[in-house]
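Raw upload-v7.tsv, TSV, C-alpha atoms and all ligand atoms:
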chain	number	residue	atom	x	y	z
A	21	MET	CA	93.13	58.09	126.34
A	22	PRO	CA	96.69	57.05	125.45
A	23	HIS	CA	98.40	55.40	128.38
A	24	ARG	CA	99.81	57.96	130.68
A	25	LEU	CA	103.05	57.56	132.46
A	26	GLU	CA	102.68	55.93	135.84
A	27	THR	CA	104.71	58.66	137.48
A	28	GLU	CA	102.36	61.26	136.05
A	29	ILE	CA	99.34	59.49	137.51
A	30	ALA	CA	101.08	58.99	140.85
A	31	GLY	CA	101.94	62.70	140.90
A	32	GLU	CA	98.35	63.61	140.11
A	33	THR	CA	97.05	61.45	142.95
A	34	ARG	CA	99.56	62.93	145.38
A	35	VAL	CA	98.57	66.52	144.54
A	36	TYR	CA	94.85	65.63	144.61
A	37	ASP	CA	95.08	63.86	147.99
A	38	ALA	CA	97.16	66.65	149.52
A	39	ILE	CA	94.68	69.33	148.45
A	40	VAL	CA	91.65	67.35	149.69
A	41	ASP	CA	93.42	66.76	152.99
A	42	ALA	CA	94.25	70.46	153.31
A	43	ILE	CA	90.61	71.36	152.64
A	44	LEU	CA	89.30	68.84	155.16
A	45	SER	CA	91.67	70.09	157.83
A	46	HIS	CA	90.87	73.77	157.19
A	47	ARG	CA	94.29	74.63	155.81
A	48	LEU	CA	93.03	75.91	152.48
A	49	ALA	CA	90.57	78.76	152.51
A	50	PRO	CA	87.82	79.26	149.95
A	51	GLY	CA	88.95	81.57	147.18
A	52	THR	CA	92.63	80.57	147.43
A	53	GLN	CA	94.22	80.55	144.02
A	54	LEU	CA	95.94	77.34	142.98
A	55	LYS	CA	98.73	78.06	140.55
A	56	GLU	CA	99.80	75.24	138.30
A	57	ARG	CA	103.45	76.17	138.17
A	58	GLU	CA	103.72	76.74	141.92
A	59	LEU	CA	102.05	73.43	142.77
A	60	ALA	CA	104.27	71.60	140.28
A	61	GLN	CA	107.34	73.06	141.97
A	62	LEU	CA	106.11	72.42	145.51
A	63	PHE	CA	105.25	68.80	144.84
A	64	GLY	CA	108.10	68.15	142.44
A	65	VAL	CA	105.73	66.88	139.75
A	66	GLY	CA	105.04	67.81	136.15
A	67	ARG	CA	102.41	70.36	135.21
A	68	GLU	CA	100.36	67.61	133.55
A	69	SER	CA	99.98	65.96	136.95
A	70	VAL	CA	98.85	69.22	138.53
A	71	ARG	CA	96.40	69.85	135.70
A	72	GLY	CA	94.97	66.34	136.14
A	73	ALA	CA	94.56	66.85	139.89
A	74	LEU	CA	92.87	70.22	139.41
A	75	THR	CA	90.48	68.74	136.84
A	76	ARG	CA	89.50	66.00	139.28
A	77	LEU	CA	89.03	68.57	142.05
A	78	GLY	CA	86.89	70.54	139.64
A	79	HIS	CA	84.69	67.50	139.03
A	80	SER	CA	84.14	67.11	142.76
A	81	LEU	CA	83.29	70.83	142.95
A	82	LEU	CA	86.08	71.48	145.44
A	83	VAL	CA	87.86	73.71	143.00
A	84	GLU	CA	86.42	76.18	140.59
A	85	LEU	CA	88.11	75.99	137.21
A	86	ARG	CA	88.13	79.26	135.34
A	87	PRO	CA	88.29	79.68	131.57
A	88	ASN	CA	91.75	81.27	131.68
A	89	ARG	CA	93.07	78.02	133.17
A	90	SER	CA	93.29	79.39	136.68
A	91	ALA	CA	91.82	77.42	139.55
A	92	VAL	CA	90.56	78.60	142.92
A	93	ILE	CA	89.28	76.75	145.96
A	94	ALA	CA	85.49	76.83	145.76
A	95	ASP	CA	83.62	79.37	147.87
A	96	PRO	CA	80.11	78.01	148.54
A	97	SER	CA	77.35	80.61	148.71
A	98	PRO	CA	74.75	80.62	151.51
A	99	ALA	CA	72.20	79.41	148.96
A	100	GLU	CA	74.37	76.45	148.08
A	101	ALA	CA	74.96	75.74	151.73
A	102	ARG	CA	71.24	75.48	152.32
A	103	ASP	CA	70.89	73.21	149.28
A	104	LEU	CA	73.64	70.99	150.64
A	105	PHE	CA	71.87	70.64	153.97
A	106	GLU	CA	68.60	69.89	152.27
A	107	ALA	CA	70.31	67.14	150.31
A	108	ARG	CA	71.95	65.83	153.47
A	109	ARG	CA	68.61	65.59	155.27
A	110	VAL	CA	67.23	63.41	152.50
A	111	ILE	CA	70.31	61.26	151.97
A	112	GLU	CA	71.31	60.77	155.59
A	113	SER	CA	67.75	59.92	156.63
A	114	ALA	CA	67.78	57.21	153.97
A	115	ILE	CA	71.15	55.98	155.17
A	116	VAL	CA	70.23	55.65	158.85
A	117	ARG	CA	66.85	54.14	157.96
A	118	SER	CA	68.49	51.45	155.90
A	119	LEU	CA	71.12	50.84	158.59
A	120	ALA	CA	68.49	50.50	161.34
A	121	ARG	CA	66.52	48.01	159.26
A	122	ASP	CA	69.48	45.91	158.38
A	123	LEU	CA	71.82	46.10	161.35
A	124	THR	CA	73.96	43.00	161.42
A	125	PRO	CA	75.94	42.24	164.63
A	126	GLU	CA	79.11	43.07	162.71
A	127	ARG	CA	77.81	46.49	161.74
A	128	GLY	CA	76.63	47.08	165.27
A	129	ALA	CA	80.07	46.28	166.62
A	130	ARG	CA	81.72	48.65	164.16
A	131	LEU	CA	79.29	51.43	165.11
A	132	SER	CA	80.02	50.97	168.81
A	133	ALA	CA	83.75	50.92	168.19
A	134	PHE	CA	83.53	54.11	166.15
A	135	SER	CA	81.50	55.88	168.80
A	136	GLU	CA	83.96	54.91	171.53
A	137	GLU	CA	86.95	56.03	169.49
A	138	GLU	CA	85.36	59.40	168.73
A	139	GLN	CA	84.43	60.02	172.37
A	140	ARG	CA	87.87	58.96	173.55
A	141	ALA	CA	89.51	61.42	171.15
A	142	TYR	CA	87.46	64.34	172.51
A	143	ALA	CA	87.94	63.23	176.12
A	144	SER	CA	91.71	63.01	175.75
A	145	GLY	CA	91.90	66.42	174.08
A	146	ASP	CA	93.25	64.99	170.83
A	147	LEU	CA	91.20	67.44	168.79
A	148	LYS	CA	92.89	66.68	165.50
A	149	THR	CA	91.82	63.04	165.64
A	150	ALA	CA	88.46	64.01	167.12
A	151	HIS	CA	87.64	66.38	164.26
A	152	ARG	CA	88.80	63.87	161.67
A	153	LEU	CA	86.53	61.23	163.20
A	154	SER	CA	83.61	63.65	163.45
A	155	ILE	CA	83.88	64.43	159.75
A	156	GLN	CA	84.34	60.76	158.98
A	157	PHE	CA	81.24	59.74	160.96
A	158	HIS	CA	78.83	60.69	158.20
A	159	SER	CA	80.68	58.93	155.39
A	160	PHE	CA	81.25	55.97	157.72
A	161	LEU	CA	77.47	55.52	158.11
A	162	ALA	CA	77.10	55.70	154.32
A	163	GLU	CA	79.81	53.09	153.90
A	164	LEU	CA	78.23	50.81	156.52
A	165	ALA	CA	74.84	51.08	154.84
A	166	GLY	CA	76.49	49.46	151.84
A	167	ASN	CA	74.95	51.57	149.09
A	168	SER	CA	77.83	52.67	146.87
A	169	VAL	CA	75.86	55.43	145.14
A	170	LEU	CA	74.76	57.02	148.42
A	171	GLU	CA	78.30	56.62	149.70
A	172	ASN	CA	79.76	58.50	146.72
A	173	VAL	CA	77.23	61.29	147.00
A	174	MET	CA	77.93	61.61	150.72
A	175	GLN	CA	81.66	61.68	150.11
A	176	GLN	CA	81.26	64.64	147.76
A	177	ILE	CA	78.99	66.46	150.17
A	178	ILE	CA	81.28	65.82	153.14
A	179	CYS	CA	84.28	67.20	151.26
A	180	ARG	CA	82.35	70.36	150.64
A	181	MET	CA	81.42	70.96	154.28
A	182	PRO	CA	84.80	72.29	155.48
A	183	LEU	CA	84.73	74.85	152.65
A	184	LEU	CA	81.31	75.82	153.78
A	185	VAL	CA	82.46	76.21	157.37
A	186	LEU	CA	85.40	78.34	156.34
A	187	ALA	CA	83.33	80.44	153.96
A	188	ARG	CA	80.40	80.94	156.34
A	189	VAL	CA	81.68	80.63	159.91
A	190	GLY	CA	85.43	81.04	159.86
A	191	PRO	CA	88.35	78.84	160.88
A	192	GLY	CA	88.29	77.03	164.19
A	193	ALA	CA	84.51	76.56	164.22
A	194	GLU	CA	83.20	73.35	165.68
A	195	TYR	CA	80.69	71.64	163.50
A	196	CYS	CA	80.17	68.15	164.79
A	197	GLY	CA	80.60	66.54	168.14
A	198	ALA	CA	80.63	63.09	169.66
A	199	HIS	CA	77.44	63.50	171.71
A	200	GLU	CA	75.02	63.98	168.86
A	201	HIS	CA	76.71	61.21	166.92
A	202	ARG	CA	76.38	58.91	169.91
A	203	ALA	CA	72.63	59.60	170.09
A	204	VAL	CA	72.28	58.49	166.45
A	205	ILE	CA	74.38	55.39	167.06
A	206	GLU	CA	72.43	54.42	170.19
A	207	ALA	CA	69.16	54.60	168.28
A	208	LEU	CA	70.70	52.49	165.50
A	209	LEU	CA	71.89	49.90	167.98
A	210	ARG	CA	68.33	49.66	169.34
A	211	ARG	CA	67.22	49.30	165.69
A	212	ASP	CA	64.83	52.13	166.34
A	213	GLU	CA	64.42	53.44	162.82
A	214	GLU	CA	62.32	56.52	163.63
A	215	ALA	CA	64.51	57.58	166.54
A	216	ALA	CA	67.65	57.17	164.43
A	217	VAL	CA	66.20	59.33	161.66
A	218	ASN	CA	65.01	61.93	164.18
A	219	LYS	CA	68.37	62.08	165.95
A	220	MET	CA	70.14	62.51	162.62
A	221	LEU	CA	67.74	65.27	161.55
A	222	GLU	CA	68.20	67.02	164.90
A	223	HIS	CA	71.95	66.82	164.49
A	224	LEU	CA	71.82	68.25	160.95
A	225	GLN	CA	69.50	71.02	162.09
A	226	GLY	CA	71.89	71.87	164.91
A	227	LEU	CA	74.80	71.98	162.48
A	228	GLU	CA	72.94	74.18	160.08
A	229	LYS	CA	72.15	76.54	162.92
A	230	ARG	CA	75.74	76.59	164.08
A	231	PHE	CA	76.75	77.47	160.53
A	232	GLY	CA	74.43	80.44	160.75
A	233	LEU	CA	72.53	79.20	157.75
A	234	ASN	CA	69.13	79.77	159.26
A	235	LYS	CA	69.54	83.48	158.69
A	236	PRO	CA	67.84	84.74	155.58
A	237	GLU	CA	70.25	85.90	152.91
A	238	LEU	CA	70.53	89.66	152.77
A	239	PRO	CA	69.64	91.07	149.40
A	240	GLY	CA	72.07	94.01	149.55
A	241	THR	CA	74.69	92.72	147.17
A	242	LEU	CA	76.14	96.20	146.61
A	243	ALA	CA	76.78	96.59	150.32
A	244	GLU	CA	78.43	93.18	150.36
A	245	THR	CA	80.42	93.96	147.26
A	246	PHE	CA	81.84	97.14	148.72
A	247	ASN	CA	82.21	95.66	152.17
A	248	PHE	CA	80.03	98.18	153.98
A	249	ALA	CA	79.90	96.13	157.14
A	250	LYS	CA	77.92	98.75	159.05
A	251	LEU	CA	75.24	98.88	156.42
A	252	ASP	CA	74.92	95.12	156.59
A	253	ALA	CA	74.71	95.16	160.36
A	254	ALA	CA	72.05	97.86	160.33
A	255	LYS	CA	70.03	95.88	157.86
A	256	THR	CA	70.34	92.70	159.87
A	257	LEU	CA	69.09	94.55	162.94
A	258	SER	CA	66.13	95.96	161.07
A	259	GLN	CA	65.24	92.43	159.99
A	260	GLY	CA	65.00	91.29	163.57
A	261	SER	CA	67.73	90.85	166.10
A	262	SER	CA	66.70	87.30	166.92
A	263	LEU	CA	68.35	86.25	163.68
A	264	ASN	CA	71.72	86.96	165.13
A	265	SER	CA	71.18	85.40	168.51
A	266	ASP	CA	73.68	82.58	167.95
A	267	LYS	CA	76.09	82.61	170.83
A	268	PRO	CA	79.74	83.16	170.03
A	269	LYS	CA	81.65	79.94	169.61
A	270	SER	CA	83.03	78.79	172.92
A	271	GLY	CA	85.60	76.48	171.38
A	272	LYS	CA	84.04	73.67	173.37
A	273	GLU	CA	83.19	70.40	171.84
A	274	GLY	CA	79.75	70.41	170.21
A	275	ASN	CA	77.06	68.54	171.99
B	1	ZN	ZN	78.10	65.10	162.54

Could you write out this file's structure as structure tokens?
Amino acid sequence: MPHRLETEIAGETRVYDAIVDAILSHRLAPGTQLKERELAQLFGVGRESVRGALTRLGHSLLVELRPNRSAVIADPSPAEARDLFEARRVIESAIVRSLARDLTPERGARLSAFSEEEQRAYASGDLKTAHRLSIQFHSFLAELAGNSVLENVMQQIICRMPLLVLARVGPGAEYCGAHEHRAVIEALLRRDEEAAVNKMLEHLQGLEKRFGLNKPELPGTLAETFNFAKLDAAKTLSQGSSLNSDKPKSGKEGN
């Protein structure tokens, strides 16, 4: 590639980082259209920079690039959501296993510090920091485990989770909390490999449940397409009311 202007690359990074940040903090909903010209104006950068940022976002599957050059924020399907959780179970089990086996005092100290910071954020009501830390927890473990490939994969998966929450649960949903994270960390600090894996799997299962992903996908695509909510509800009932027994979100910190 011929050398690109530094300002163009800086602009691309700025747009990319801003969009990732907006996704992580639930400010960009799945399906939102990203217009090149509008973004260029908003960020005061050239359209090349915007195009570069959108291409990178496309590579990390955060944005869906369409043939007519339009781009929309990705909208993960329930099937993809389940696939993501399946991948997380495998990857995060491997991460905690490797951490438990090879827990240096330095890593232990960083784990404890992280856990305290996360709990403090929830306790003080600083939910913005608390949520950021809760999201960060999973990539932090990957980073600590020191496997760069696993870390990259986790980073991509983590970025996709907020989209999944927005697409499947709605804004304001809680999806991680300090308590379950602390249970994982405590097992790691004891170097109890099996307990650490089990606590992580329990946490992921809880998350998946909170996302409502344990419900089977309804086949009625026509009803969905035409937004016949009542039809959907009737069908859900006929498939067993226990499927919808998730309690409404209380807005309380997850446990
Ligand atoms: Zn978590």

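Remark: for A:Ser135, the closest of the candidate residues A:Ile39, A:Leu48, A:Leu184, A:Leu209 is A:Leu209 (distances computed over only C-alpha atoms).
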
### Message
Would you compute the distance between atom CA of A:Ser118 and atom CA of A:Ile177? Give it in Å to one decimal.
### Response
19.2 Å

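Among the candidates A:Glu126, A:Glu200, A:Glu112, A:Asp95, the residue lying nearest to A:Ala49 is A:Asp95 (atoms considered: all atoms listed in the file).
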
With ligand ZN 1 (chain B) as the partner and 7 Å as the cut-off, tabulate the residues of chain A that qualify, each row holding the nearest pair of atoms and their distance in Å to one decimal, using only C-alpha atoms and all ligand atoms, sorted by chain and rising number, as a tab-separated table.
residue	atom	partner	partner_atom	distance
A:Ser154	CA	B:ZN1	ZN	5.8
A:Ile155	CA	B:ZN1	ZN	6.5
A:Phe157	CA	B:ZN1	ZN	6.4
A:His158	CA	B:ZN1	ZN	6.2
A:Cys196	CA	B:ZN1	ZN	4.3
A:Gly197	CA	B:ZN1	ZN	6.3
A:His201	CA	B:ZN1	ZN	6.0
A:His223	CA	B:ZN1	ZN	6.7

### Query
What does the distance from atom CA of A:Val65 to atom CA of A:Thr27 come to in Å, to one decimal?
8.6 Å

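Note that the spacing between atom CA of A:Phe231 and atom CA of A:Arg152 amounts to 18.2 Å.
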
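The smallest atom-to-atom distance between A:Arg86 and any of A:Leu208, A:Ala60, A:Ala101, A:Leu54, using only C-alpha atoms, is found for A:Leu54.
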
### Task
Identify which of the residues A:Ala143, A:Ile111, A:Val116, A:Ile178 lies closest to A:Glu214, counting only C-alpha atoms when measuring atom-to-atom distances.
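Smallest separation from A:Glu214 among the options: A:Val116.
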
### Query
Quick one: of A:Leu74, A:Ala187, A:Ala114, A:Leu164, who's nearest to A:Asp37, counting all atoms listed in the file?
A:Leu74

### Query
Using only C-alpha atoms, which residue out of A:Arg34, A:Arg108, A:Arg180, A:Lys148 lies closest to A:Ala73?
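For A:Ala73, the nearest of the candidates is A:Arg34.
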
### Residues near A:Phe160, cut-off 9 Å, all atoms listed in the file, skip fewer than 5 positions along chain, as a list in words
Leu131, Phe134, Ala165 and Glu171 of chain A
